[in-house]
file protein_28.cif (mmCIF, C-alpha atoms)
data_target
loop_
_atom_site.label_atom_id
_atom_site.label_comp_id
_atom_site.auth_asym_id
_atom_site.auth_seq_id
_atom_site.Cartn_x
_atom_site.Cartn_y
_atom_site.Cartn_z
CA MET S 1 3.03 33.49 14.59
CA PRO S 2 3.92 30.02 16.00
CA PRO S 3 6.27 27.89 13.91
CA ALA S 4 4.67 25.42 11.50
CA VAL S 5 7.27 22.77 12.24
CA VAL S 6 9.48 22.25 15.29
CA VAL S 7 12.13 19.55 15.30
CA THR S 8 13.79 18.84 18.64
CA ASP S 9 16.89 16.65 19.09
CA LEU S 10 15.67 14.42 16.30
CA VAL S 11 17.59 11.17 15.96
CA LYS S 12 16.59 8.53 13.45
CA GLN S 13 18.44 5.26 13.41
CA PHE S 14 18.15 2.37 10.98
CA GLY S 15 19.79 -0.46 12.87
CA ARG S 16 23.19 0.90 13.84
CA PHE S 17 23.18 3.60 11.19
CA ALA S 18 22.00 7.01 12.31
CA ALA S 19 20.45 8.87 9.38
CA LEU S 20 19.59 11.87 11.56
CA ARG S 21 21.88 12.77 14.46
CA GLY S 22 20.17 15.33 16.65
CA VAL S 23 18.42 17.77 14.35
CA ASN S 24 17.08 20.91 16.01
CA ALA S 25 15.15 23.42 13.94
CA GLU S 26 12.07 25.62 13.78
CA PHE S 27 10.37 26.42 10.50
CA ALA S 28 8.00 29.36 10.17
CA PRO S 29 4.70 29.01 8.32
CA GLY S 30 4.16 30.37 4.82
CA ARG S 31 7.74 29.92 3.69
CA LEU S 32 9.52 27.83 1.10
CA TYR S 33 12.51 25.87 2.40
CA ALA S 34 15.00 24.21 0.09
CA ILE S 35 16.74 21.34 1.84
CA LEU S 36 20.14 20.68 0.31
CA GLY S 37 23.02 18.36 0.98
CA ASP S 38 25.05 15.51 -0.39
CA ASN S 39 23.70 12.01 -0.86
CA GLY S 40 23.18 10.35 2.51
CA ALA S 41 23.03 13.66 4.39
CA GLY S 42 19.60 12.75 5.81
CA LYS S 43 17.38 15.01 3.68
CA THR S 44 14.86 12.36 2.68
CA THR S 45 14.78 10.90 6.20
CA LEU S 46 14.05 14.35 7.61
CA LEU S 47 11.20 14.77 5.13
CA ARG S 48 9.82 11.32 5.97
CA ALA S 49 10.04 12.16 9.67
CA LEU S 50 8.02 15.34 9.05
CA ALA S 51 5.46 13.28 7.11
CA GLY S 52 5.15 10.79 9.98
CA LEU S 53 6.56 7.99 7.84
CA ALA S 54 9.76 7.63 9.86
CA PRO S 55 8.97 7.83 13.58
CA PRO S 56 11.86 9.33 15.58
CA THR S 57 14.21 7.01 17.42
CA ARG S 58 14.77 9.89 19.86
CA GLY S 59 13.59 13.48 19.99
CA SER S 60 10.36 14.84 18.58
CA VAL S 61 8.72 16.35 15.53
CA SER S 62 5.87 18.79 16.01
CA VAL S 63 3.86 19.85 12.98
CA LEU S 64 1.12 22.49 13.20
CA GLY S 65 1.41 22.39 16.97
CA THR S 66 1.10 18.66 17.54
CA THR S 67 3.46 15.71 17.80
CA ASP S 68 0.62 13.33 16.89
CA LEU S 69 1.30 13.53 13.17
CA ARG S 70 -1.49 11.05 12.39
CA SER S 71 -4.01 13.62 13.60
CA ILE S 72 -2.89 16.26 11.09
CA CYS S 73 -1.98 14.04 8.13
CA GLY S 74 -5.00 15.43 6.27
CA GLN S 75 -3.13 18.75 6.19
CA LEU S 76 0.09 17.30 4.79
CA GLY S 77 0.98 16.78 1.17
CA TYR S 78 3.83 14.37 0.52
CA MET S 79 5.65 13.71 -2.72
CA ALA S 80 8.36 11.06 -2.64
CA HIS S 81 11.09 10.20 -5.10
CA PRO S 82 9.03 7.29 -6.47
CA SER S 83 5.73 8.41 -7.97
CA LEU S 84 3.33 6.96 -5.33
CA LEU S 85 0.97 6.24 -8.23
CA TYR S 86 -0.46 3.04 -9.71
CA ASP S 87 1.16 2.46 -13.09
CA GLU S 88 -1.88 0.60 -14.49
CA MET S 89 -4.35 3.45 -13.93
CA SER S 90 -4.64 6.82 -15.66
CA GLY S 91 -3.70 10.00 -13.83
CA MET S 92 -7.34 10.93 -13.25
CA GLU S 93 -8.20 7.42 -11.95
CA ASN S 94 -5.24 7.57 -9.57
CA LEU S 95 -6.20 10.98 -8.25
CA ARG S 96 -9.87 10.07 -7.88
CA TYR S 97 -8.84 7.17 -5.65
CA PHE S 98 -6.48 9.28 -3.53
CA ALA S 99 -9.10 12.03 -3.27
CA ARG S 100 -11.43 9.45 -1.70
CA LEU S 101 -8.79 8.74 0.95
CA HIS S 102 -8.89 12.36 2.02
CA ASP S 103 -12.35 13.69 1.40
CA GLY S 104 -14.44 12.40 -1.47
CA SER S 105 -16.48 15.60 -1.89
CA ASN S 106 -16.19 17.34 -5.26
CA ALA S 107 -13.38 14.94 -6.15
CA ASP S 108 -13.58 15.16 -9.96
CA GLN S 109 -13.38 18.95 -10.00
CA ARG S 110 -10.50 18.99 -7.51
CA CYS S 111 -8.59 16.29 -9.44
CA SER S 112 -8.99 18.18 -12.73
CA ASP S 113 -7.86 21.42 -11.09
CA VAL S 114 -4.64 20.00 -9.66
CA ILE S 115 -3.83 18.12 -12.88
CA ARG S 116 -4.22 21.37 -14.81
CA ALA S 117 -2.15 23.20 -12.19
CA VAL S 118 0.83 20.96 -12.99
CA LYS S 119 0.25 21.55 -16.73
CA LEU S 120 -1.10 18.10 -17.57
CA ASP S 121 -4.33 17.14 -19.31
CA PRO S 122 -7.04 15.59 -17.07
CA SER S 123 -8.59 13.82 -20.07
CA LEU S 124 -5.43 11.81 -20.70
CA THR S 125 -6.56 8.14 -20.61
CA ARG S 126 -3.10 6.58 -20.89
CA PRO S 127 -2.01 4.65 -17.79
CA VAL S 128 0.60 6.42 -15.69
CA GLY S 129 3.07 3.62 -16.46
CA GLN S 130 3.20 4.93 -20.03
CA TYR S 131 3.91 8.53 -19.00
CA SER S 132 7.35 10.03 -19.43
CA GLN S 133 9.33 10.36 -16.18
CA GLY S 134 8.72 14.11 -16.13
CA MET S 135 4.96 13.70 -16.57
CA ARG S 136 4.94 11.14 -13.78
CA GLN S 137 6.73 13.61 -11.50
CA ARG S 138 4.19 16.29 -12.26
CA MET S 139 1.28 13.90 -11.70
CA SER S 140 2.90 12.94 -8.42
CA LEU S 141 2.99 16.62 -7.44
CA ALA S 142 -0.68 16.88 -8.41
CA ARG S 143 -1.42 13.99 -6.05
CA ALA S 144 0.41 15.76 -3.22
CA LEU S 145 -1.69 18.89 -3.82
CA LEU S 146 -5.04 17.04 -3.90
CA ASN S 147 -6.04 17.71 -0.29
CA ASP S 148 -5.03 21.39 -0.41
CA PRO S 149 -2.39 20.78 2.29
CA LYS S 150 -1.02 23.41 4.65
CA ILE S 151 2.39 21.71 4.68
CA LEU S 152 3.89 20.42 1.46
CA LEU S 153 6.82 17.97 1.62
CA LEU S 154 8.47 17.37 -1.75
CA ASP S 155 11.35 14.98 -2.32
CA GLU S 156 13.26 15.66 -5.54
CA PRO S 157 10.29 17.12 -7.42
CA PHE S 158 12.44 18.36 -10.31
CA SER S 159 14.43 15.21 -11.03
CA ASN S 160 14.01 14.07 -14.64
CA VAL S 161 11.82 17.08 -15.38
CA ASP S 162 12.80 19.32 -18.30
CA VAL S 163 13.91 22.85 -17.45
CA ARG S 164 10.76 24.59 -18.70
CA SER S 165 8.46 22.25 -16.75
CA ALA S 166 10.69 22.57 -13.69
CA ARG S 167 10.41 26.36 -13.84
CA GLY S 168 6.65 25.94 -14.15
CA MET S 169 6.69 23.80 -11.02
CA VAL S 170 8.77 26.39 -9.15
CA SER S 171 6.34 29.11 -10.14
CA LEU S 172 3.45 26.92 -8.91
CA LEU S 173 5.26 26.37 -5.60
CA THR S 174 5.96 30.07 -5.06
CA GLY S 175 2.26 30.75 -5.73
CA LEU S 176 1.34 28.18 -3.09
CA ARG S 177 3.86 29.67 -0.66
CA ASP S 178 2.36 33.13 -1.26
CA ALA S 179 -1.04 31.61 -0.48
CA GLY S 180 0.29 30.66 2.99
CA LYS S 181 1.49 27.09 2.53
CA THR S 182 4.71 25.93 4.16
CA ILE S 183 6.80 24.08 1.62
CA PHE S 184 9.87 21.86 2.05
CA VAL S 185 11.71 20.89 -1.10
CA VAL S 186 14.54 18.36 -1.01
CA THR S 187 16.54 18.87 -4.16
CA HIS S 188 19.92 18.56 -5.83
CA GLN S 189 18.91 21.28 -8.31
CA ALA S 190 19.11 24.18 -5.89
CA SER S 191 19.67 26.76 -8.64
CA LEU S 192 16.05 26.26 -9.75
CA LEU S 193 14.93 27.61 -6.39
CA GLU S 194 17.26 30.62 -6.35
CA GLY S 195 15.09 33.66 -5.85
CA ALA S 196 12.11 31.47 -4.98
CA ALA S 197 13.12 29.76 -1.74
CA ASP S 198 13.02 31.80 1.45
CA GLU S 199 15.73 29.74 3.04
CA PHE S 200 18.32 27.20 1.99
CA VAL S 201 18.88 24.55 4.64
CA TRP S 202 22.14 22.64 4.25
CA MET S 203 22.40 19.17 5.78
CA GLU S 204 25.49 17.14 6.39
CA ALA S 205 25.91 13.75 8.09
CA GLY S 206 22.43 13.80 9.59
CA LYS S 207 22.55 17.37 10.90
CA ILE S 208 21.51 20.82 9.74
CA VAL S 209 24.77 22.72 9.40
CA SER S 210 23.58 25.99 7.91
CA ARG S 211 20.46 27.99 7.13
CA THR S 212 20.64 31.02 4.91
CA PRO S 213 18.40 32.91 2.50
CA ASP S 214 21.22 33.05 -0.02
CA LEU S 215 22.07 30.01 -2.13
CA ALA S 216 25.68 31.06 -2.72
CA THR S 217 26.28 31.39 1.03
CA ALA S 218 24.65 28.02 1.64
CA THR S 219 26.91 26.23 -0.80
CA GLU S 220 30.00 28.15 0.39
CA THR S 221 29.31 27.18 4.00
CA ALA S 222 29.10 23.58 2.87
CA MET N 1 -14.89 12.48 5.62
CA SER N 2 -15.51 9.15 3.92
CA THR N 3 -16.69 6.24 6.05
CA ILE N 4 -14.76 2.99 6.51
CA ALA N 5 -17.31 1.24 4.28
CA GLY N 6 -16.90 3.89 1.57
CA LEU N 7 -13.10 3.73 1.72
CA THR N 8 -13.18 -0.07 1.68
CA ARG N 9 -15.41 0.02 -1.41
CA ALA N 10 -13.13 2.55 -3.13
CA THR N 11 -10.00 0.50 -2.41
CA LEU N 12 -11.70 -2.74 -3.43
CA ALA N 13 -12.91 -1.17 -6.70
CA LYS N 14 -9.36 0.05 -7.35
CA ASP N 15 -7.89 -3.42 -6.68
CA LEU N 16 -10.46 -5.15 -8.90
CA ARG N 17 -9.75 -2.66 -11.66
CA LEU N 18 -5.98 -3.22 -11.36
CA GLU N 19 -6.46 -7.01 -11.42
CA TRP N 20 -8.85 -6.79 -14.38
CA ARG N 21 -6.19 -4.87 -16.31
CA SER N 22 -3.14 -6.91 -15.33
CA LYS N 23 -4.72 -10.33 -14.54
CA ASP N 24 -1.51 -11.07 -12.63
CA ALA N 25 -3.07 -12.90 -9.70
CA ILE N 26 -5.85 -14.82 -11.41
CA ASN N 27 -3.66 -16.09 -14.27
CA SER N 28 -0.92 -17.38 -11.99
CA MET N 29 -3.46 -18.97 -9.61
CA LEU N 30 -5.28 -20.68 -12.47
CA PHE N 31 -2.07 -21.98 -13.97
CA PHE N 32 -0.89 -23.36 -10.66
CA SER N 33 -4.21 -25.07 -9.84
CA LEU N 34 -4.46 -26.55 -13.31
CA LEU N 35 -1.00 -28.03 -12.90
CA VAL N 36 -1.99 -29.62 -9.59
CA VAL N 37 -5.18 -31.12 -11.03
CA VAL N 38 -3.51 -32.50 -14.13
CA ILE N 39 -0.32 -33.80 -12.50
CA PHE N 40 -2.17 -35.59 -9.68
CA SER N 41 -4.67 -37.09 -12.11
CA PHE N 42 -1.76 -38.50 -14.13
CA SER N 43 0.06 -39.71 -11.03
CA PHE N 44 -2.66 -42.00 -9.75
CA ASP N 45 -5.94 -43.32 -10.97
CA PRO N 46 -8.19 -43.58 -7.91
CA THR N 47 -11.58 -45.25 -7.74
CA ALA N 48 -14.57 -43.00 -6.98
CA GLU N 49 -14.45 -44.03 -3.32
CA GLU N 50 -10.73 -43.34 -2.96
CA SER N 51 -11.25 -39.98 -4.67
CA ARG N 52 -13.83 -38.98 -2.11
CA ARG N 53 -11.40 -39.78 0.69
CA ILE N 54 -8.46 -37.83 -0.69
CA ALA N 55 -10.24 -35.01 -2.54
CA GLY N 56 -10.60 -32.82 0.55
CA GLY N 57 -6.85 -32.65 1.03
CA LEU N 58 -6.09 -32.36 -2.65
CA VAL N 59 -8.54 -29.55 -3.34
CA TRP N 60 -7.46 -27.44 -0.39
CA VAL N 61 -3.74 -27.94 -1.04
CA ALA N 62 -4.28 -26.66 -4.57
CA PHE N 63 -6.31 -23.67 -3.37
CA LEU N 64 -3.93 -22.90 -0.51
CA PHE N 65 -0.83 -22.76 -2.69
CA ALA N 66 -2.68 -20.88 -5.41
CA ALA N 67 -3.97 -18.37 -2.84
CA VAL N 68 -0.40 -17.64 -1.74
CA VAL N 69 0.31 -16.41 -5.27
CA ALA N 70 -2.61 -13.96 -5.08
CA LEU N 71 -1.68 -12.87 -1.58
CA ASN N 72 1.84 -11.95 -2.64
CA GLN N 73 0.48 -9.99 -5.61
CA THR N 74 -1.90 -8.00 -3.41
CA TRP N 75 0.80 -6.10 -1.62
CA ALA N 76 3.35 -6.15 -4.42
CA ARG N 77 1.16 -3.56 -6.19
CA GLU N 78 1.26 -1.30 -3.15
CA VAL N 79 5.03 -1.56 -2.77
CA ARG N 80 5.74 -0.75 -6.41
CA ASN N 81 6.29 3.03 -6.61
CA GLN N 82 5.84 3.07 -2.79
CA VAL N 83 2.11 3.73 -3.22
CA LEU N 84 1.52 2.42 0.29
CA ASP N 85 3.19 5.59 1.63
CA ALA N 86 0.45 7.66 -0.02
CA TYR N 87 -2.08 5.66 2.00
CA ARG N 88 -0.02 5.98 5.18
CA VAL N 89 0.09 9.78 4.97
CA SER N 90 -3.64 10.00 4.31
CA PRO N 91 -6.24 10.18 7.11
CA ALA N 92 -7.88 6.96 5.80
CA PRO N 93 -8.11 4.26 8.51
CA PRO N 94 -5.81 1.22 8.08
CA ASN N 95 -8.74 -1.18 8.54
CA ALA N 96 -10.41 0.06 5.36
CA LEU N 97 -7.31 -0.95 3.40
CA PHE N 98 -7.08 -4.31 5.15
CA LEU N 99 -10.76 -5.17 4.65
CA ALA N 100 -10.60 -4.19 0.97
CA LYS N 101 -7.56 -6.42 0.46
CA VAL N 102 -9.21 -9.36 2.27
CA VAL N 103 -12.46 -9.03 0.32
CA GLY N 104 -10.49 -8.64 -2.93
CA ASN N 105 -8.48 -11.78 -2.26
CA PHE N 106 -11.64 -13.60 -1.23
CA ILE N 107 -13.19 -12.72 -4.59
CA PHE N 108 -10.07 -13.82 -6.53
CA VAL N 109 -9.82 -17.17 -4.73
CA SER N 110 -13.60 -17.72 -5.03
CA VAL N 111 -13.42 -17.11 -8.79
CA LEU N 112 -10.59 -19.63 -8.94
CA GLN N 113 -12.66 -22.16 -6.98
CA ALA N 114 -15.65 -21.64 -9.26
CA LEU N 115 -13.48 -22.28 -12.30
CA MET N 116 -11.56 -25.23 -10.86
CA THR N 117 -14.35 -27.16 -9.11
CA PRO N 118 -15.85 -28.57 -12.35
CA LEU N 119 -12.36 -29.75 -13.35
CA PHE N 120 -11.84 -31.47 -9.99
CA ILE N 121 -15.22 -33.20 -10.36
CA VAL N 122 -14.38 -34.42 -13.87
CA PHE N 123 -10.76 -35.44 -13.29
CA TYR N 124 -11.39 -37.22 -9.99
CA ASN N 125 -14.87 -38.53 -10.69
CA LEU N 126 -16.27 -36.84 -7.57
CA ARG N 127 -19.83 -37.20 -6.30
CA ALA N 128 -20.75 -36.15 -2.78
CA LEU N 129 -22.57 -38.67 -0.62
CA GLY N 130 -23.14 -36.23 2.28
CA PRO N 131 -25.12 -32.95 2.45
CA VAL N 132 -23.87 -31.00 -0.59
CA TYR N 133 -25.35 -27.70 0.62
CA GLN N 134 -22.59 -27.62 3.27
CA LEU N 135 -19.83 -27.50 0.65
CA PRO N 136 -20.29 -23.80 -0.28
CA ILE N 137 -20.33 -22.97 3.44
CA VAL N 138 -17.04 -24.82 4.00
CA ALA N 139 -15.58 -23.21 0.86
CA ALA N 140 -16.57 -19.70 2.00
CA LEU N 141 -15.38 -20.14 5.59
CA GLY N 142 -12.18 -21.90 4.52
CA THR N 143 -11.35 -19.31 1.89
CA TRP N 144 -11.96 -16.49 4.38
CA ALA N 145 -9.63 -18.21 6.88
CA LEU N 146 -6.89 -18.40 4.23
CA VAL N 147 -7.23 -14.87 2.93
CA VAL N 148 -7.65 -13.07 6.24
CA ASN N 149 -4.48 -14.59 7.67
CA GLY N 150 -2.73 -14.53 4.32
CA THR N 151 -3.43 -10.84 3.75
CA PHE N 152 -2.23 -10.01 7.24
CA PHE N 153 0.99 -12.02 7.04
CA ALA N 154 1.67 -10.86 3.49
CA ALA N 155 1.53 -7.29 4.82
CA MET N 156 3.82 -8.26 7.67
CA SER N 157 6.39 -9.80 5.35
CA LEU N 158 6.25 -6.80 2.97
CA ARG N 159 9.46 -5.24 4.19
CA THR N 160 11.41 -8.47 4.49
CA ARG N 161 14.01 -9.27 1.89
CA SER N 162 12.52 -12.56 0.67
CA ARG N 163 8.83 -11.96 1.19
CA GLU N 164 7.68 -14.73 -1.22
CA ILE N 165 9.35 -17.28 1.05
CA MET N 166 8.42 -15.54 4.27
CA LEU N 167 4.67 -15.58 3.61
CA PRO N 168 4.25 -19.40 3.50
CA LEU N 169 6.59 -19.73 6.49
CA LEU N 170 4.33 -17.47 8.54
CA LEU N 171 0.99 -18.48 7.05
CA PHE N 172 1.07 -22.26 6.91
CA PRO N 173 1.76 -23.05 10.57
CA ILE N 174 -0.93 -20.70 11.84
CA SER N 175 -3.40 -22.03 9.27
CA ILE N 176 -3.06 -25.66 10.40
CA PRO N 177 -6.26 -25.68 12.53
CA ALA N 178 -8.22 -24.09 9.68
CA LEU N 179 -6.70 -26.43 7.08
CA LEU N 180 -7.51 -29.43 9.22
CA ALA N 181 -11.11 -28.23 9.56
CA MET N 182 -11.43 -27.57 5.80
CA VAL N 183 -10.02 -30.94 4.81
CA GLU N 184 -12.04 -32.88 7.38
CA ALA N 185 -15.27 -31.03 6.60
CA THR N 186 -14.85 -31.50 2.86
CA GLY N 187 -14.00 -35.18 3.35
CA ALA N 188 -17.04 -35.64 5.60
CA ILE N 189 -19.37 -34.08 3.03
CA LEU N 190 -17.92 -36.06 0.12
CA THR N 191 -17.90 -39.45 1.86
CA GLY N 192 -21.03 -38.93 3.96
CA GLU N 193 -19.43 -41.08 6.68
CA PHE N 194 -19.60 -38.53 9.48
CA SER N 195 -21.02 -35.08 10.21
CA ALA N 196 -19.07 -31.98 9.15
CA LYS N 197 -20.83 -29.72 11.65
CA PHE N 198 -18.06 -29.73 14.26
CA TRP N 199 -15.48 -28.75 11.67
CA ILE N 200 -17.72 -26.03 10.24
CA VAL N 201 -18.22 -24.52 13.68
CA LEU N 202 -14.46 -24.71 14.30
CA LEU N 203 -13.82 -22.93 10.98
CA ALA N 204 -16.36 -20.22 11.81
CA ALA N 205 -14.78 -19.66 15.24
CA TYR N 206 -11.31 -19.56 13.68
CA ASP N 207 -12.51 -16.95 11.17
CA VAL N 208 -14.04 -14.74 13.85
CA VAL N 209 -10.96 -14.86 16.10
CA PHE N 210 -8.42 -14.22 13.36
CA THR N 211 -10.48 -11.53 11.62
CA ILE N 212 -10.79 -9.57 14.87
CA ALA N 213 -7.11 -10.07 15.74
CA SER N 214 -5.97 -9.01 12.27
CA LEU N 215 -8.18 -5.92 12.26
CA PHE N 216 -6.83 -4.97 15.68
CA LEU N 217 -3.17 -5.44 14.71
CA PHE N 218 -3.12 -4.26 11.10
CA GLY N 219 -2.66 -0.59 12.03
CA PHE N 220 0.66 -1.44 13.69
CA VAL N 221 1.77 -3.47 10.68
CA LEU N 222 0.90 -0.67 8.26
CA GLN N 223 2.71 2.02 10.22
CA ALA N 224 5.78 -0.14 10.91
CA GLU N 225 8.91 0.78 8.97
#
call {"tool": "encode", "arguments": {"input": "protein_28.cif", "output": "structure tokens"}}
result
Amino acid sequence: MPPAVVVTDLVKQFGRFAALRGVNAEFAPGRLYAILGDNGAGKTTLLRALAGLAPPTRGSVSVLGTTDLRSICGQLGYMAHPSLLYDEMSGMENLRYFARLHDGSNADQRCSDVIRAVKLDPSLTRPVGQYSQGMRQRMSLARALLNDPKILLLDEPFSNVDVRSARGMVSLLTGLRDAGKTIFVVTHQASLLEGAADEFVWMEAGKIVSRTPDLATATETA
Amino acid sequence: MSTIAGLTRATLAKDLRLEWRSKDAINSMLFFSLLVVVIFSFSFDPTAEESRRIAGGLVWVAFLFAAVVALNQTWAREVRNQVLDAYRVSPAPPNALFLAKVVGNFIFVSVLQALMTPLFIVFYNLRALGPVYQLPIVAALGTWALVVNGTFFAAMSLRTRSREIMLPLLLFPISIPALLAMVEATGAILTGEFSAKFWIVLLAAYDVVFTIASLFLFGFVLQAE
């Protein structure tokens, strides 16, 4: 099976600062990758490059067989550290709008399904700005799942989420992985993904320095 | 797949809903315009004829500066929580977002004009001596000129550190031909001394050129880092 994502000599510079310094990697489809590393290691930049939000300075990113990421963005789900939601609208209103951006058909049903999948109530009329941080994170994950993406890119999905909800999210992600989705999770809470992630990818100073299926080995190597 | 028109409608409806709930743009625009009307009316006490001569400039200065407030708000909502990234990773075309923002701003500034025009008439004792039916045409074309450029340059200045300052710096110089046409056309209609047709045609041409240019370039602005 061809790789879902191929990154070749990827360099991403912001002015003089190089956030990514020649990343080379292939990622197989239908697997869950945990991307780990210290602050400033380039994890978020790598995720943004895969999402097409940070075009490479040099090198290339190929997702689902194409380097034209705009052409496959309908098959990507992206969750950033900020919520990517409008604070003044309810969760359902937010998702209805984002569903229109992808494909408006059967939007209400799809929105309700993904909201329930992240263990929130679709009938909640409160604006997202009044949600707790954890609820906002889960609603943000629901937004990323709206278009039933083949590739899911999640930046710190468990931050500020209580342990029980975080475990619920992990179980949801493993279910999605088992259904054939390729999932990238940038996280500082790697232990939550122990036993769930297929591979732990350790980044340091803009490079991938180790890839291992075992969390202990990944952190030891670091 | 939704059409551009459908996506524009959805984004416009979302923006109107957000504005209805927060009233950020309309309140600040109203406050600013009210200040202009009141302060200028205290500063000098013109005769009806003098009013007709200066009203064109006065009205459009008030609307221009008030519009800048709305234009800054438009994109501020998209930057908060980085919601714009959700749009950028969707297959929705950039032009749908741009058109929705322009139409939204056009509605906000038109509402402001509808509310402020009676006050201008009362405070400055205005009565048009030329063809009044041309005034709404000038207002519509002039407002479109302001918002189409304003929306574009507000998007361009999004990622700059001091975007509130950057927007007027970019917008005002490029709007000079349109402003000149608005002021002259309004003055011509109010005084009845000369025809406003040339200025109206100039405004219409300006609108066509800048709308096409903005639509063509907005995709690059949206995808820029």
call {"tool": "interface_residues", "arguments": {"input": "protein_28.cif", "of": "chain S", "to": "chain N", "cutoff": "10 Å", "atoms": "only C-alpha atoms", "output": "VMD selection string"}}
result
chain S and resid 14 48 51 to 55 69 to 89 93 to 94 96 to 105 143 to 144 147
call {"tool": "residues_around", "arguments": {"input": "protein_28.cif", "residues": "range 148-160 of chain N", "least_positions_apart": "2", "cutoff": "8 Å", "atoms": "only C-alpha atoms", "output": "PDB file with C-alpha atoms, in the frame of the given file"}}
result
ATOM      1  CA  VAL N  68      -0.400 -17.640  -1.740  1.00  0.00           C
ATOM      2  CA  LEU N  71      -1.680 -12.870  -1.580  1.00  0.00           C
ATOM      3  CA  ASN N  72       1.840 -11.950  -2.640  1.00  0.00           C
ATOM      4  CA  THR N  74      -1.900  -8.000  -3.410  1.00  0.00           C
ATOM      5  CA  TRP N  75       0.800  -6.100  -1.620  1.00  0.00           C
ATOM      6  CA  ALA N  76       3.350  -6.150  -4.420  1.00  0.00           C
ATOM      7  CA  VAL N  79       5.030  -1.560  -2.770  1.00  0.00           C
ATOM      8  CA  PHE N  98      -7.080  -4.310   5.150  1.00  0.00           C
ATOM      9  CA  LYS N 101      -7.560  -6.420   0.460  1.00  0.00           C
ATOM     10  CA  VAL N 102      -9.210  -9.360   2.270  1.00  0.00           C
ATOM     11  CA  ASN N 105      -8.480 -11.780  -2.260  1.00  0.00           C
ATOM     12  CA  TRP N 144     -11.960 -16.490   4.380  1.00  0.00           C
ATOM     13  CA  ALA N 145      -9.630 -18.210   6.880  1.00  0.00           C
ATOM     14  CA  LEU N 146      -6.890 -18.400   4.230  1.00  0.00           C
ATOM     15  CA  SER N 162      12.520 -12.560   0.670  1.00  0.00           C
ATOM     16  CA  ARG N 163       8.830 -11.960   1.190  1.00  0.00           C
ATOM     17  CA  MET N 166       8.420 -15.540   4.270  1.00  0.00           C
ATOM     18  CA  LEU N 167       4.670 -15.580   3.610  1.00  0.00           C
ATOM     19  CA  LEU N 170       4.330 -17.470   8.540  1.00  0.00           C
ATOM     20  CA  LEU N 171       0.990 -18.480   7.050  1.00  0.00           C
ATOM     21  CA  SER N 175      -3.400 -22.030   9.270  1.00  0.00           C
ATOM     22  CA  ASP N 207     -12.510 -16.950  11.170  1.00  0.00           C
ATOM     23  CA  PHE N 210      -8.420 -14.220  13.360  1.00  0.00           C
ATOM     24  CA  THR N 211     -10.480 -11.530  11.620  1.00  0.00           C
ATOM     25  CA  SER N 214      -5.970  -9.010  12.270  1.00  0.00           C
ATOM     26  CA  PHE N 218      -3.120  -4.260  11.100  1.00  0.00           C
ATOM     27  CA  VAL N 221       1.770  -3.470  10.680  1.00  0.00           C
ATOM     28  CA  LEU N 222       0.900  -0.670   8.260  1.00  0.00           C
ATOM     29  CA  GLU N 225       8.910   0.780   8.970  1.00  0.00           C
TER      30      GLU N 225
END
call {"tool": "resolve_selection", "arguments": {"input": "protein_28.cif", "expression": "the PyMOL selection byres ((chain S and resi 131) around 12)", "output": "PyMOL selection string"}}
result
chain S and resi 83+85-91+120-121+124-130+132-140
call {"tool": "closest_residue", "arguments": {"input": "protein_28.cif", "among": "N:Ala140, N:Ile165, N:Leu135, N:Ala204", "to": "Val111 in chain N", "atoms": "only C-alpha atoms"}}
result
N:Ala140
call {"tool": "atom_distance", "arguments": {"input": "protein_28.cif", "atom1": "CA of Leu47 in chain S", "atom2": "CA of Asn24 in chain S"}}
result
13.8 Å
call {"tool": "residues_around", "arguments": {"input": "protein_28.cif", "residues": "Phe40 in chain N", "least_positions_apart": "4", "cutoff": "12 Å", "atoms": "all atoms listed in the file", "output": "PyMOL selection string"}}
result
chain N and resi 33-36+44-46+51+54-55+58-59+61-62+120+123-124
call {"tool": "resolve_selection", "arguments": {"input": "protein_28.cif", "expression": "the PyMOL selection byres ((chain N and resi 181) around 8)", "output": "short mmCIF file (atom, residue, chain, number, x, y, z; two decimals) with C-alpha atoms, in the coordinates of the input"}}
result
data_model
loop_
_atom_site.label_atom_id
_atom_site.label_comp_id
_atom_site.auth_asym_id
_atom_site.auth_seq_id
_atom_site.Cartn_x
_atom_site.Cartn_y
_atom_site.Cartn_z
CA PRO N 177 -6.26 -25.68 12.53
CA ALA N 178 -8.22 -24.09 9.68
CA LEU N 179 -6.70 -26.43 7.08
CA LEU N 180 -7.51 -29.43 9.22
CA MET N 182 -11.43 -27.57 5.80
CA VAL N 183 -10.02 -30.94 4.81
CA GLU N 184 -12.04 -32.88 7.38
CA ALA N 185 -15.27 -31.03 6.60
CA TRP N 199 -15.48 -28.75 11.67
CA ILE N 200 -17.72 -26.03 10.24
CA LEU N 202 -14.46 -24.71 14.30
CA LEU N 203 -13.82 -22.93 10.98
#
call {"tool": "resolve_selection", "arguments": {"input": "protein_28.cif", "expression": "the PyMOL selection byres ((chain S and resi 28) around 9)", "output": "CSV table (one decimal) with C-alpha atoms, in the frame of the given file"}}
result
chain,number,residue,atom,x,y,z
S,1,MET,CA,3.0,33.5,14.6
S,2,PRO,CA,3.9,30.0,16.0
S,3,PRO,CA,6.3,27.9,13.9
S,4,ALA,CA,4.7,25.4,11.5
S,5,VAL,CA,7.3,22.8,12.2
S,6,VAL,CA,9.5,22.2,15.3
S,26,GLU,CA,12.1,25.6,13.8
S,27,PHE,CA,10.4,26.4,10.5
S,29,PRO,CA,4.7,29.0,8.3
S,30,GLY,CA,4.2,30.4,4.8
S,31,ARG,CA,7.7,29.9,3.7
S,182,THR,CA,4.7,25.9,4.2
